[in-house]
$ cat model.tsv   # TSV, C-alpha atoms and all ligand atoms
chain	number	residue	atom	x	y	z
A	1136	MET	CA	-1.76	19.93	8.57
A	1137	THR	CA	1.33	18.36	7.00
A	1138	MET	CA	2.35	14.91	5.81
A	1139	THR	CA	5.44	13.04	4.67
A	1140	ALA	CA	5.80	12.54	0.92
A	1141	VAL	CA	8.69	11.34	-1.20
A	1142	ARG	CA	9.15	13.71	-4.14
A	1143	MET	CA	11.49	13.82	-7.13
A	1144	HIS	CA	13.25	17.18	-7.19
A	1145	ASP	CA	14.90	16.72	-10.56
A	1146	TYR	CA	15.22	14.12	-13.32
A	1147	GLY	CA	17.98	11.62	-12.66
A	1148	ASP	CA	19.07	8.65	-10.56
A	1149	ALA	CA	17.35	7.56	-7.35
A	1150	GLY	CA	19.19	10.33	-5.46
A	1151	VAL	CA	16.69	12.91	-6.81
A	1152	LEU	CA	14.03	11.37	-4.52
A	1153	ARG	CA	13.76	13.25	-1.22
A	1154	VAL	CA	11.67	12.77	1.87
A	1155	ASP	CA	9.69	16.01	2.32
A	1156	THR	CA	7.15	17.41	4.72
A	1157	ILE	CA	4.40	19.03	2.65
A	1158	PRO	CA	0.84	20.28	3.23
A	1159	ARG	CA	-1.91	17.66	3.05
A	1160	PRO	CA	-4.27	18.18	0.09
A	1161	ALA	CA	-6.53	21.00	1.34
A	1162	THR	CA	-9.77	19.98	-0.38
A	1163	ILE	CA	-11.13	17.11	-2.39
A	1164	GLY	CA	-13.34	17.22	-5.48
A	1165	PRO	CA	-16.97	16.00	-5.53
A	1166	ARG	CA	-15.97	12.73	-7.23
A	1167	ASP	CA	-12.85	12.09	-5.14
A	1168	LEU	CA	-11.81	10.04	-2.14
A	1169	ARG	CA	-9.21	11.13	0.40
A	1170	ILE	CA	-7.17	8.06	1.29
A	1171	ALA	CA	-4.79	7.46	4.21
A	1172	VAL	CA	-2.05	5.46	2.48
A	1173	GLN	CA	-1.07	2.22	4.21
A	1174	ALA	CA	1.10	0.81	1.41
A	1175	ALA	CA	2.19	1.93	-2.07
A	1176	ALA	CA	3.86	-0.27	-4.68
A	1177	ILE	CA	6.66	0.79	-7.01
A	1178	ASN	CA	6.54	0.14	-10.75
A	1179	PRO	CA	9.16	0.40	-13.51
A	1180	VAL	CA	7.18	3.34	-14.94
A	1181	ASP	CA	8.06	5.27	-11.76
A	1182	PHE	CA	11.80	5.10	-12.37
A	1183	LYS	CA	11.30	5.63	-16.10
A	1184	ILE	CA	9.50	8.91	-15.28
A	1185	ARG	CA	12.18	9.77	-12.70
A	1186	LYS	CA	14.91	9.26	-15.29
A	1187	GLY	CA	13.08	11.54	-17.73
A	1188	ALA	CA	12.06	8.87	-20.24
A	1189	GLN	CA	8.56	10.37	-20.55
A	1190	ARG	CA	9.80	13.95	-20.48
A	1191	ALA	CA	9.02	14.58	-24.12
A	1192	LEU	CA	5.43	13.44	-23.62
A	1193	ILE	CA	4.38	14.40	-20.09
A	1194	TRP	CA	5.15	17.68	-18.36
A	1195	LEU	CA	5.82	17.39	-14.61
A	1196	ASP	CA	5.76	20.33	-12.28
A	1197	LEU	CA	8.78	19.54	-10.04
A	1198	PRO	CA	9.03	18.68	-7.20
A	1199	TRP	CA	6.69	15.83	-8.07
A	1200	THR	CA	5.23	12.95	-6.04
A	1201	LEU	CA	5.36	9.65	-7.92
A	1202	GLY	CA	3.37	6.48	-7.18
A	1203	MET	CA	0.60	4.72	-9.11
A	1204	ASP	CA	-0.38	1.92	-6.73
A	1205	VAL	CA	-2.02	2.27	-3.35
A	1206	SER	CA	-3.86	0.45	-0.61
A	1207	GLY	CA	-5.34	2.54	2.18
A	1208	VAL	CA	-8.31	3.73	4.21
A	1209	VAL	CA	-10.90	6.30	3.08
A	1210	THR	CA	-10.90	9.36	5.37
A	1211	GLU	CA	-13.15	11.70	3.32
A	1212	VAL	CA	-15.71	11.14	0.57
A	1213	GLY	CA	-16.60	13.63	-2.18
A	1214	SER	CA	-20.18	14.93	-2.23
A	1215	LYS	CA	-21.12	13.09	-5.47
A	1216	VAL	CA	-19.43	9.78	-4.70
A	1217	LYS	CA	-21.62	6.70	-4.30
A	1218	GLY	CA	-20.53	3.30	-3.01
A	1219	PHE	CA	-17.68	4.37	-0.70
A	1220	ALA	CA	-17.76	5.53	2.92
A	1221	VAL	CA	-15.26	6.84	5.48
A	1222	GLY	CA	-13.37	3.90	6.96
A	1223	ASP	CA	-13.56	1.71	3.82
A	1224	GLU	CA	-10.35	-0.04	2.84
A	1225	VAL	CA	-9.63	0.64	-0.84
A	1226	ILE	CA	-7.05	0.05	-3.55
A	1227	SER	CA	-6.28	2.02	-6.69
A	1228	SER	CA	-3.91	2.48	-9.59
A	1229	PRO	CA	-4.63	6.07	-10.54
A	1230	SER	CA	-4.06	7.50	-14.00
A	1231	HIS	CA	-0.87	9.42	-14.79
A	1232	ARG	CA	-2.63	12.72	-14.03
A	1233	ARG	CA	-3.54	11.66	-10.48
A	1234	MET	CA	-0.40	9.79	-9.35
A	1235	GLY	CA	1.17	10.67	-5.98
A	1236	CYS	CA	0.93	7.55	-3.83
A	1237	TYR	CA	4.44	7.92	-2.29
A	1238	ALA	CA	2.82	9.90	0.53
A	1239	GLU	CA	0.89	9.48	3.75
A	1240	GLU	CA	-2.25	10.72	2.05
A	1241	VAL	CA	-3.55	10.87	-1.50
A	1242	VAL	CA	-6.71	12.19	-3.15
A	1243	LEU	CA	-7.97	10.03	-6.02
A	1244	ARG	CA	-11.02	9.71	-8.27
A	1245	ALA	CA	-13.50	7.30	-6.71
A	1246	ASP	CA	-14.11	5.61	-10.08
A	1247	GLU	CA	-10.42	4.66	-10.15
A	1248	CYS	CA	-10.74	2.92	-6.75
A	1249	ALA	CA	-12.08	-0.48	-5.67
A	1250	PRO	CA	-12.61	-2.30	-2.39
A	1251	LYS	CA	-9.40	-3.77	-1.01
A	1252	PRO	CA	-9.41	-7.57	-1.07
A	1253	ALA	CA	-10.21	-8.62	2.49
A	1254	ALA	CA	-8.13	-11.79	2.18
A	1255	VAL	CA	-4.77	-9.98	2.11
A	1256	ASP	CA	-3.03	-7.21	4.06
A	1257	HIS	CA	-2.40	-3.69	2.72
A	1258	VAL	CA	1.10	-4.58	1.50
A	1259	HIS	CA	-0.19	-7.38	-0.74
A	1260	ALA	CA	-3.26	-5.35	-1.74
A	1261	ALA	CA	-1.00	-2.49	-2.92
A	1262	ALA	CA	0.89	-5.01	-5.07
A	1263	LEU	CA	-2.22	-5.76	-7.15
A	1264	PRO	CA	-3.68	-2.71	-8.95
A	1265	LEU	CA	-1.27	-1.58	-11.68
A	1266	VAL	CA	0.07	-5.01	-12.65
A	1267	GLY	CA	-3.35	-6.62	-12.24
A	1268	LEU	CA	-5.04	-4.08	-14.51
A	1269	THR	CA	-2.21	-4.39	-17.05
A	1270	ALA	CA	-2.50	-8.17	-17.15
A	1271	TYR	CA	-6.30	-7.88	-17.43
A	1272	ASP	CA	-6.16	-5.28	-20.21
A	1273	ALA	CA	-3.60	-7.38	-22.13
A	1274	LEU	CA	-5.02	-10.89	-21.71
A	1275	VAL	CA	-8.75	-10.18	-21.46
A	1276	GLY	CA	-9.17	-6.78	-23.14
A	1277	ALA	CA	-6.70	-6.98	-26.02
A	1278	ALA	CA	-5.93	-10.67	-26.60
A	1279	LYS	CA	-9.35	-12.07	-25.55
A	1280	LEU	CA	-7.61	-15.15	-24.17
A	1281	LYS	CA	-9.90	-18.19	-24.04
A	1282	ALA	CA	-9.91	-21.43	-22.07
A	1283	GLY	CA	-7.75	-24.09	-23.68
A	1284	GLU	CA	-5.53	-21.61	-25.56
A	1285	LYS	CA	-1.74	-21.49	-25.22
A	1286	VAL	CA	-0.26	-18.21	-24.00
A	1287	LEU	CA	3.37	-17.14	-23.65
A	1288	ILE	CA	3.87	-14.69	-20.79
A	1289	GLN	CA	7.29	-13.07	-20.85
A	1290	ALA	CA	9.13	-12.39	-17.58
A	1291	GLY	CA	6.85	-14.57	-15.45
A	1292	ALA	CA	8.63	-13.77	-12.18
A	1293	GLY	CA	8.13	-9.99	-12.47
A	1294	GLY	CA	5.30	-7.77	-11.30
A	1295	VAL	CA	3.12	-8.10	-14.41
A	1296	GLY	CA	4.22	-11.65	-15.24
A	1297	SER	CA	3.50	-13.10	-11.80
A	1298	ILE	CA	-0.11	-11.90	-11.84
A	1299	ALA	CA	-0.60	-12.57	-15.58
A	1300	ILE	CA	0.33	-16.25	-15.11
A	1301	GLN	CA	-2.31	-16.61	-12.41
A	1302	LEU	CA	-4.97	-14.72	-14.39
A	1303	ALA	CA	-4.27	-16.81	-17.50
A	1304	LYS	CA	-4.60	-20.02	-15.48
A	1305	HIS	CA	-7.85	-18.72	-13.99
A	1306	LEU	CA	-9.10	-18.16	-17.54
A	1307	GLY	CA	-8.26	-21.79	-18.35
A	1308	ALA	CA	-5.23	-21.22	-20.58
A	1309	GLU	CA	-2.04	-23.28	-20.89
A	1310	VAL	CA	0.84	-21.06	-19.81
A	1311	TYR	CA	4.41	-20.81	-21.13
A	1312	THR	CA	6.66	-18.34	-19.35
A	1313	THR	CA	10.27	-17.12	-19.43
A	1314	CYS	CA	12.49	-16.60	-16.39
A	1315	SER	CA	15.99	-17.32	-15.11
A	1316	PRO	CA	16.64	-20.74	-13.51
A	1317	ARG	CA	16.42	-19.36	-9.95
A	1318	ASN	CA	12.75	-18.49	-10.56
A	1319	ALA	CA	11.67	-21.74	-12.24
A	1320	GLU	CA	10.12	-23.13	-9.06
A	1321	LEU	CA	8.38	-19.85	-8.28
A	1322	VAL	CA	6.65	-19.54	-11.67
A	1323	THR	CA	5.63	-23.21	-11.51
A	1324	GLU	CA	3.99	-22.53	-8.13
A	1325	LEU	CA	2.20	-19.56	-9.71
A	1326	GLY	CA	0.73	-21.97	-12.25
A	1327	ALA	CA	3.03	-21.97	-15.30
A	1328	ASP	CA	2.80	-25.23	-17.27
A	1329	HIS	CA	6.00	-24.73	-19.29
A	1330	VAL	CA	9.01	-22.85	-17.90
A	1331	ILE	CA	11.51	-21.48	-20.41
A	1332	ASP	CA	14.99	-20.55	-19.16
A	1333	TYR	CA	15.65	-17.43	-21.23
A	1334	ARG	CA	19.40	-17.84	-20.77
A	1335	SER	CA	19.69	-21.26	-22.37
A	1336	GLN	CA	16.46	-21.70	-24.38
A	1337	ASP	CA	14.84	-19.85	-27.25
A	1338	TYR	CA	11.18	-19.13	-26.50
A	1339	GLU	CA	10.50	-18.71	-30.21
A	1340	GLU	CA	11.15	-22.43	-30.57
A	1341	VAL	CA	9.66	-23.72	-27.30
A	1342	ALA	CA	6.41	-21.71	-27.52
A	1343	ARG	CA	6.14	-21.59	-31.33
A	1344	GLY	CA	2.55	-21.75	-32.51
A	1345	CYS	CA	0.99	-20.46	-29.29
A	1346	ASP	CA	-2.25	-18.50	-29.57
A	1347	VAL	CA	-1.26	-15.43	-27.55
A	1348	VAL	CA	1.92	-13.66	-26.39
A	1349	LEU	CA	2.02	-11.09	-23.60
A	1350	GLU	CA	5.12	-9.14	-24.63
A	1351	SER	CA	6.73	-7.22	-21.78
A	1352	MET	CA	10.46	-7.13	-22.50
A	1353	GLY	CA	10.69	-4.45	-25.18
A	1354	GLY	CA	13.48	-4.17	-27.78
A	1355	ASP	CA	13.48	-6.95	-30.37
A	1356	HIS	CA	11.07	-9.03	-28.24
A	1357	LEU	CA	8.12	-7.44	-30.04
A	1358	GLU	CA	9.24	-8.81	-33.41
A	1359	ARG	CA	10.19	-12.12	-31.76
A	1360	ALA	CA	6.73	-12.34	-30.18
A	1361	LEU	CA	5.15	-11.86	-33.63
A	1362	ARG	CA	7.28	-14.72	-34.96
A	1363	THR	CA	6.27	-16.95	-32.02
A	1364	VAL	CA	2.45	-16.86	-32.31
A	1365	ARG	CA	0.51	-19.06	-34.70
A	1366	ASN	CA	-1.09	-17.69	-37.85
A	1367	GLY	CA	-4.19	-15.81	-36.67
A	1368	GLY	CA	-2.77	-15.43	-33.14
A	1369	ARG	CA	-2.64	-12.31	-30.96
A	1370	VAL	CA	0.25	-10.35	-29.46
A	1371	ALA	CA	-0.42	-7.87	-26.66
A	1372	SER	CA	2.60	-5.63	-26.13
A	1373	ILE	CA	2.97	-3.58	-22.96
A	1374	THR	CA	6.47	-2.29	-23.82
A	1375	PRO	CA	6.41	-1.12	-27.41
A	1376	GLY	CA	9.36	1.26	-26.95
A	1377	LEU	CA	7.65	4.59	-27.72
A	1378	LEU	CA	9.69	6.22	-24.96
A	1379	ASP	CA	12.97	5.19	-26.61
A	1380	TRP	CA	11.80	6.76	-29.87
A	1381	THR	CA	10.79	10.07	-28.25
A	1382	LYS	CA	14.03	10.15	-26.29
A	1383	ARG	CA	16.00	9.68	-29.48
A	1384	TYR	CA	14.02	11.87	-31.87
A	1385	GLY	CA	12.02	14.27	-29.64
A	1386	LYS	CA	8.25	14.42	-29.13
A	1387	VAL	CA	6.91	14.97	-32.63
A	1388	MET	CA	9.44	13.02	-34.71
A	1389	GLY	CA	9.65	10.28	-32.07
A	1390	VAL	CA	5.88	9.71	-32.07
A	1391	LEU	CA	5.74	9.86	-35.88
A	1392	ARG	CA	8.63	7.45	-36.39
A	1393	PHE	CA	7.27	5.12	-33.75
A	1394	ALA	CA	3.80	5.20	-35.33
A	1395	GLY	CA	5.35	4.34	-38.72
A	1396	TYR	CA	7.36	1.48	-37.24
A	1397	PHE	CA	4.43	0.09	-35.26
A	1398	LEU	CA	1.95	0.37	-38.13
A	1399	ARG	CA	4.37	-1.38	-40.49
A	1400	LEU	CA	4.78	-4.22	-37.98
A	1401	ALA	CA	1.08	-4.49	-37.15
A	1402	LEU	CA	-0.08	-4.30	-40.78
A	1403	GLY	CA	2.61	-6.72	-41.95
A	1404	ALA	CA	1.65	-9.25	-39.27
A	1405	ARG	CA	-2.05	-8.87	-40.03
A	1406	LEU	CA	-1.78	-9.09	-43.81
A	1407	LYS	CA	0.84	-11.84	-44.02
A	1408	ARG	CA	-0.27	-14.09	-41.15
A	1409	GLY	CA	-3.54	-12.76	-39.74
A	1410	VAL	CA	-1.81	-11.92	-36.45
A	1411	ARG	CA	-3.36	-9.11	-34.38
A	1412	LEU	CA	-0.86	-6.87	-32.60
A	1413	SER	CA	-2.21	-4.65	-29.81
A	1414	LEU	CA	-0.48	-1.93	-27.91
A	1415	VAL	CA	-1.71	-2.08	-24.32
A	1416	THR	CA	-1.68	0.69	-21.76
A	1417	ARG	CA	-3.25	0.03	-18.41
A	1418	HIS	CA	-6.59	1.74	-17.83
A	1419	ALA	CA	-7.23	3.12	-14.35
A	1420	ASP	CA	-10.59	1.40	-14.13
A	1421	GLY	CA	-12.27	0.84	-10.76
A	1422	LYS	CA	-14.69	-1.79	-12.11
A	1423	ASN	CA	-11.96	-4.00	-13.55
A	1424	LEU	CA	-9.99	-3.50	-10.35
A	1425	ALA	CA	-13.00	-4.61	-8.28
A	1426	TYR	CA	-13.14	-7.79	-10.40
A	1427	LEU	CA	-9.44	-8.46	-9.68
A	1428	SER	CA	-9.99	-7.75	-5.98
A	1429	ARG	CA	-12.75	-10.37	-5.94
A	1430	LEU	CA	-10.43	-12.87	-7.65
A	1431	VAL	CA	-7.96	-12.36	-4.78
A	1432	ASP	CA	-10.71	-12.96	-2.21
A	1433	GLU	CA	-11.79	-16.09	-4.07
A	1434	GLY	CA	-8.20	-17.38	-3.97
A	1435	ALA	CA	-7.87	-17.38	-7.79
A	1436	ILE	CA	-4.93	-14.94	-7.81
A	1437	ALA	CA	-2.49	-13.79	-5.12
A	1438	PRO	CA	-0.30	-10.68	-5.41
A	1439	LEU	CA	3.38	-11.58	-5.07
A	1440	VAL	CA	5.53	-9.31	-2.88
A	1441	ASP	CA	9.31	-9.49	-3.05
A	1442	ARG	CA	10.39	-6.78	-0.58
A	1443	THR	CA	8.95	-3.96	1.48
A	1444	TYR	CA	10.67	-0.68	2.39
A	1445	PRO	CA	9.56	2.14	4.68
A	1446	LEU	CA	8.42	5.22	2.71
A	1447	ALA	CA	11.57	7.06	3.86
A	1448	GLU	CA	13.70	4.47	1.99
A	1449	THR	CA	11.98	4.89	-1.37
A	1450	ALA	CA	15.28	5.69	-3.12
A	1451	GLU	CA	16.68	2.32	-1.98
A	1452	ALA	CA	13.50	0.60	-3.16
A	1453	HIS	CA	13.90	2.23	-6.60
A	1454	ARG	CA	17.51	1.04	-6.81
A	1455	TYR	CA	16.40	-2.51	-6.07
A	1456	LEU	CA	13.56	-2.55	-8.63
A	1457	GLU	CA	15.89	-1.07	-11.22
A	1458	THR	CA	18.10	-4.18	-11.08
A	1459	GLY	CA	15.34	-5.71	-13.25
A	1460	HIS	CA	15.25	-8.92	-11.21
A	1461	ALA	CA	12.62	-8.35	-8.53
A	1462	ARG	CA	10.36	-11.34	-7.88
A	1463	GLY	CA	6.89	-9.83	-7.92
A	1464	LYS	CA	6.41	-6.41	-6.37
A	1465	VAL	CA	8.40	-3.96	-4.26
A	1466	VAL	CA	6.12	-2.17	-1.78
A	1467	LEU	CA	6.51	0.94	0.41
A	1468	THR	CA	4.85	1.16	3.81
A	1469	THR	CA	3.86	4.39	5.56
B	1501	LIG	N1	1.86	-0.67	-20.87
B	1501	LIG	C1	1.57	-0.65	-19.56
B	1501	LIG	O1	0.52	-0.14	-19.17
B	1501	LIG	C2	2.54	-1.28	-18.59
B	1501	LIG	C3	2.09	-1.60	-17.31
B	1501	LIG	C4	2.97	-2.24	-16.44
B	1501	LIG	C5	4.28	-2.49	-16.84
B	1501	LIG	N2	4.70	-2.11	-18.07
B	1501	LIG	C6	6.09	-2.37	-18.49
B	1501	LIG	O2	6.27	-3.79	-18.56
B	1501	LIG	C7	7.60	-4.11	-18.20
B	1501	LIG	C8	7.58	-5.17	-17.10
B	1501	LIG	O3	7.01	-4.59	-15.92
B	1501	LIG	P1	7.11	-5.37	-14.53
B	1501	LIG	O4	6.46	-4.52	-13.52
B	1501	LIG	O5	6.66	-6.76	-14.68
B	1501	LIG	O6	8.70	-5.36	-14.32
B	1501	LIG	P2	9.57	-6.04	-13.20
B	1501	LIG	O7	8.70	-6.56	-12.10
B	1501	LIG	O8	10.67	-5.11	-12.82
B	1501	LIG	O9	10.23	-7.30	-13.96
B	1501	LIG	C9	11.25	-7.96	-13.30
B	1501	LIG	C10	11.32	-9.40	-13.84
B	1501	LIG	O10	11.82	-9.42	-15.17
B	1501	LIG	C11	12.48	-10.66	-15.33
B	1501	LIG	N3	13.42	-10.59	-16.45
B	1501	LIG	C12	14.50	-9.78	-16.57
B	1501	LIG	N4	15.11	-10.00	-17.76
B	1501	LIG	C13	14.38	-10.98	-18.38
B	1501	LIG	C14	14.47	-11.63	-19.64
B	1501	LIG	N5	15.45	-11.33	-20.51
B	1501	LIG	N6	13.55	-12.55	-19.96
B	1501	LIG	C15	12.56	-12.87	-19.10
B	1501	LIG	N7	12.39	-12.29	-17.89
B	1501	LIG	C16	13.30	-11.35	-17.54
B	1501	LIG	C17	13.16	-10.93	-14.01
B	1501	LIG	O11	13.22	-12.32	-13.82
B	1501	LIG	P3	14.65	-13.03	-13.61
B	1501	LIG	O12	15.20	-12.48	-12.31
B	1501	LIG	O13	14.29	-14.48	-13.59
B	1501	LIG	O14	15.51	-12.62	-14.77
B	1501	LIG	C18	12.26	-10.24	-12.98
B	1501	LIG	O15	11.50	-11.17	-12.26
B	1501	LIG	C19	8.28	-2.80	-17.78
B	1501	LIG	O16	9.00	-2.29	-18.87
B	1501	LIG	C20	7.10	-1.89	-17.47
B	1501	LIG	O17	7.39	-0.52	-17.60
B	1501	LIG	C21	3.85	-1.51	-18.96
$ encode --input "model.tsv" --output "structure tokens" --more "lines below"
Ligand SMILES: NC(=O)c1ccc[n+]([C@@H]2O[C@H](COP(=O)([O-])OP(=O)(O)OC[C@H]3O[C@@H](n4cnc5c(N)ncnc54)[C@H](OP(=O)(O)O)[C@@H]3O)[C@@H](O)[C@H]2O)c1
Amino acid sequence: MTMTAVRMHDYGDAGVLRVDTIPRPATIGPRDLRIAVQAAAINPVDFKIRKGAQRALIWLDLPWTLGMDVSGVVTEVGSKVKGFAVGDEVISSPSHRRMGCYAEEVVLRADECAPKPAAVDHVHAAALPLVGLTAYDALVGAAKLKAGEKVLIQAGAGGVGSIAIQLAKHLGAEVYTTCSPRNAELVTELGADHVIDYRSQDYEEVARGCDVVLESMGGDHLERALRTVRNGGRVASITPGLLDWTKRYGKVMGVLRFAGYFLRLALGARLKRGVRLSLVTRHADGKNLAYLSRLVDEGAIAPLVDRTYPLAETAEAHRYLETGHARGKVVLTT
């Protein structure tokens, strides 16, 4: 039995992605689910991996199937799995080790899956897991955002930003966000209270003294985020730039230099101003994902989809996301 999968055959531009016919996974483990993929979202990490940015840290056995966001239907259940049955609609953002959602079928750990929100279709459900878990880990897990607090969410119109705004509003926070003028209306509809045009305004001034910053732009934005929060505030960074350091200095020196840089920043912020800086990486956690799925069903958050592409046009979809100006998520359909 074969299936269609889009695999990267080398490191490089979107042209290294090819539509292949490959064998379906032959067996599944006792704690796994076999899932018929209905939709799979694309994330910036996918093209970063494709371009080789994580090469120093993670070894890939090429050709490799990317994809860390899926919505689909369970077709087989591992012998030790509880709580899922054949025919269930599920979503997941698997860990790096188990990616491979750019395919007609994927086998994932059941504890990295959750029920699909019934209120939305597979395309919108696939747009939730990775960005939803990231926003949750940053705002709830790391920053412990509380009702009544002021939070700055960078890049509010993007995949993470669009869901983070809604989650922050659900938690009762007052939301500042950055975007270009064309997205001002969109982020306001998502719930932002204060819209900052990053081309003409300085968020350090507009949002100065806020309690929390969700930093997602990388580069000097990390240090700018630390300057923006109040004394005793929290910064959750999802783009600390480790990959740039390993690319520049190799695995060992890159990690060491990055650790030195990050520790200096974090310690300095803590000692001088009581600011807590956290480095956030999304956890592939089925329980947190189930919570987010329930929030969608309750109408508290709604995944935002910019464009869909058929699986066979994944390379085009990568090119679009790489422009850096998608509004919400880009989703593949099988
Ligand atoms: N640590 C983790 O676990 C984790 C998880 C998820 C994502 N990430 C990282 O977080 C970053 C964001 O991910 P994403 O999925 O949200 O990306 P994305 O969807 O591609 O972000 C696109 C958005 O960025 C906005 N943008 C571009 N330049 C901007 C600027 N200078 N200021 C403010 N907004 C700007 C664009 O809005 P305009 O069109 O209005 O400019 C667009 O809506 C990526 O680097 C990703 O790899 C990390």
$ residues_near_ligand --input "model.tsv" --ligand "ligand LIG 1501 (chain B)" --cutoff "7 Å" --atoms "all atoms listed in the file" --output "VMD selection string"
chain A and resid 1178 to 1180 1265 to 1266 1269 1289 to 1296 1313 to 1318 1333 1351 to 1353 1373 to 1374 1415 to 1417 1456 to 1457 1459 to 1464
$ residues_around --input "model.tsv" --residues "Glu1240 (chain A)" --least-positions-apart "4" --cutoff "12 Å" --atoms "all atoms listed in the file" --output "mmCIF file with C-alpha atoms, in the coordinates of the input"
data_model
loop_
_atom_site.group_PDB
_atom_site.id
_atom_site.type_symbol
_atom_site.label_atom_id
_atom_site.label_comp_id
_atom_site.auth_asym_id
_atom_site.auth_seq_id
_atom_site.Cartn_x
_atom_site.Cartn_y
_atom_site.Cartn_z
ATOM 1 C CA MET A 1136 -1.760 19.930 8.570
ATOM 2 C CA THR A 1137 1.330 18.360 7.000
ATOM 3 C CA MET A 1138 2.350 14.910 5.810
ATOM 4 C CA THR A 1139 5.440 13.040 4.670
ATOM 5 C CA ALA A 1140 5.800 12.540 0.920
ATOM 6 C CA VAL A 1141 8.690 11.340 -1.200
ATOM 7 C CA THR A 1156 7.150 17.410 4.720
ATOM 8 C CA ILE A 1157 4.400 19.030 2.650
ATOM 9 C CA PRO A 1158 0.840 20.280 3.230
ATOM 10 C CA ARG A 1159 -1.910 17.660 3.050
ATOM 11 C CA PRO A 1160 -4.270 18.180 0.090
ATOM 12 C CA ALA A 1161 -6.530 21.000 1.340
ATOM 13 C CA ILE A 1163 -11.130 17.110 -2.390
ATOM 14 C CA LEU A 1168 -11.810 10.040 -2.140
ATOM 15 C CA ARG A 1169 -9.210 11.130 0.400
ATOM 16 C CA ILE A 1170 -7.170 8.060 1.290
ATOM 17 C CA ALA A 1171 -4.790 7.460 4.210
ATOM 18 C CA VAL A 1172 -2.050 5.460 2.480
ATOM 19 C CA GLN A 1173 -1.070 2.220 4.210
ATOM 20 C CA ALA A 1174 1.100 0.810 1.410
ATOM 21 C CA ALA A 1175 2.190 1.930 -2.070
ATOM 22 C CA THR A 1200 5.230 12.950 -6.040
ATOM 23 C CA GLY A 1202 3.370 6.480 -7.180
ATOM 24 C CA VAL A 1205 -2.020 2.270 -3.350
ATOM 25 C CA SER A 1206 -3.860 0.450 -0.610
ATOM 26 C CA GLY A 1207 -5.340 2.540 2.180
ATOM 27 C CA VAL A 1208 -8.310 3.730 4.210
ATOM 28 C CA VAL A 1209 -10.900 6.300 3.080
ATOM 29 C CA THR A 1210 -10.900 9.360 5.370
ATOM 30 C CA GLU A 1211 -13.150 11.700 3.320
ATOM 31 C CA MET A 1234 -0.400 9.790 -9.350
ATOM 32 C CA GLY A 1235 1.170 10.670 -5.980
ATOM 33 C CA CYS A 1236 0.930 7.550 -3.830
ATOM 34 C CA THR A 1469 3.860 4.390 5.560
#
$ closest_residue --input "model.tsv" --among "A:Glu1339, A:Ala1437, A:Ile1193, A:Gly1283" --to "Glu1324 (chain A)" --atoms "all atoms listed in the file"
A:Ala1437
$ closest_residue --input "model.tsv" --among "A:Leu1302, A:Val1348, A:Leu1243, A:Val1286" --to "Asp1204 (chain A)" --atoms "all atoms listed in the file"
A:Leu1243
$ atom_distance --input "model.tsv" --atom1 "CA of Tyr1237 (chain A)" --atom2 "CA of Asp1223 (chain A)"
20.0 Å
$ residues_around --input "model.tsv" --residues "Cys1345 (chain A)" --least-positions-apart "4" --cutoff "7 Å" --atoms "all atoms listed in the file" --output "MDAnalysis selection string"
chainID A and resid 1285:1287 1363:1365
$ write_last_selection --input "model.tsv" --atoms "C-alpha atoms" --output "PDB file, in the coordinates of the input"
ATOM      1  CA  LYS A1285      -1.740 -21.490 -25.220  1.00  0.00           C
ATOM      2  CA  VAL A1286      -0.260 -18.210 -24.000  1.00  0.00           C
ATOM      3  CA  LEU A1287       3.370 -17.140 -23.650  1.00  0.00           C
ATOM      4  CA  THR A1363       6.270 -16.950 -32.020  1.00  0.00           C
ATOM      5  CA  VAL A1364       2.450 -16.860 -32.310  1.00  0.00           C
ATOM      6  CA  ARG A1365       0.510 -19.060 -34.700  1.00  0.00           C
TER       7      ARG A1365
END
$ closest_residue --input "model.tsv" --among "A:Val1370, A:Ala1238, A:Leu1325, A:Ala1447" --to "Lys1279 (chain A)" --atoms "all atoms listed in the file"
A:Val1370
$ atom_distance --input "model.tsv" --atom1 "CA of His1259 (chain A)" --atom2 "CA of Val1440 (chain A)"
6.4 Å
$ closest_residue --input "model.tsv" --among "A:Ala1404, A:Ile1331, A:Leu1201, A:Leu1378" --to "Gly1187 (chain A)" --atoms "only C-alpha atoms"
A:Leu1378
$ closest_residue --input "model.tsv" --among "A:Trp1199, A:Tyr1384, A:Tyr1444, A:Tyr1396" --to "Arg1153 (chain A)" --atoms "only C-alpha atoms"
A:Trp1199
$ closest_residue --input "model.tsv" --among "A:Gly1368, A:Gly1395, A:Pro1250, A:Gly1326" --to "Leu1427 (chain A)" --atoms "all atoms listed in the file"
A:Pro1250
$ closest_atom_pairs --input "model.tsv" --of "region 1153-1240 of chain A" --to "region 1387-1394 of chain A" --cutoff "12 Å" --atoms "all atoms listed in the file" --output "Markdown table"
| residue | atom | partner | partner_atom | distance |
| --- | --- | --- | --- | --- |
| A:Gln1189 | CA | A:Gly1389 | CA | 11.6 |
| A:Ala1191 | CA | A:Val1387 | CA | 8.8 |
| A:Leu1192 | CA | A:Val1390 | CA | 9.2 |
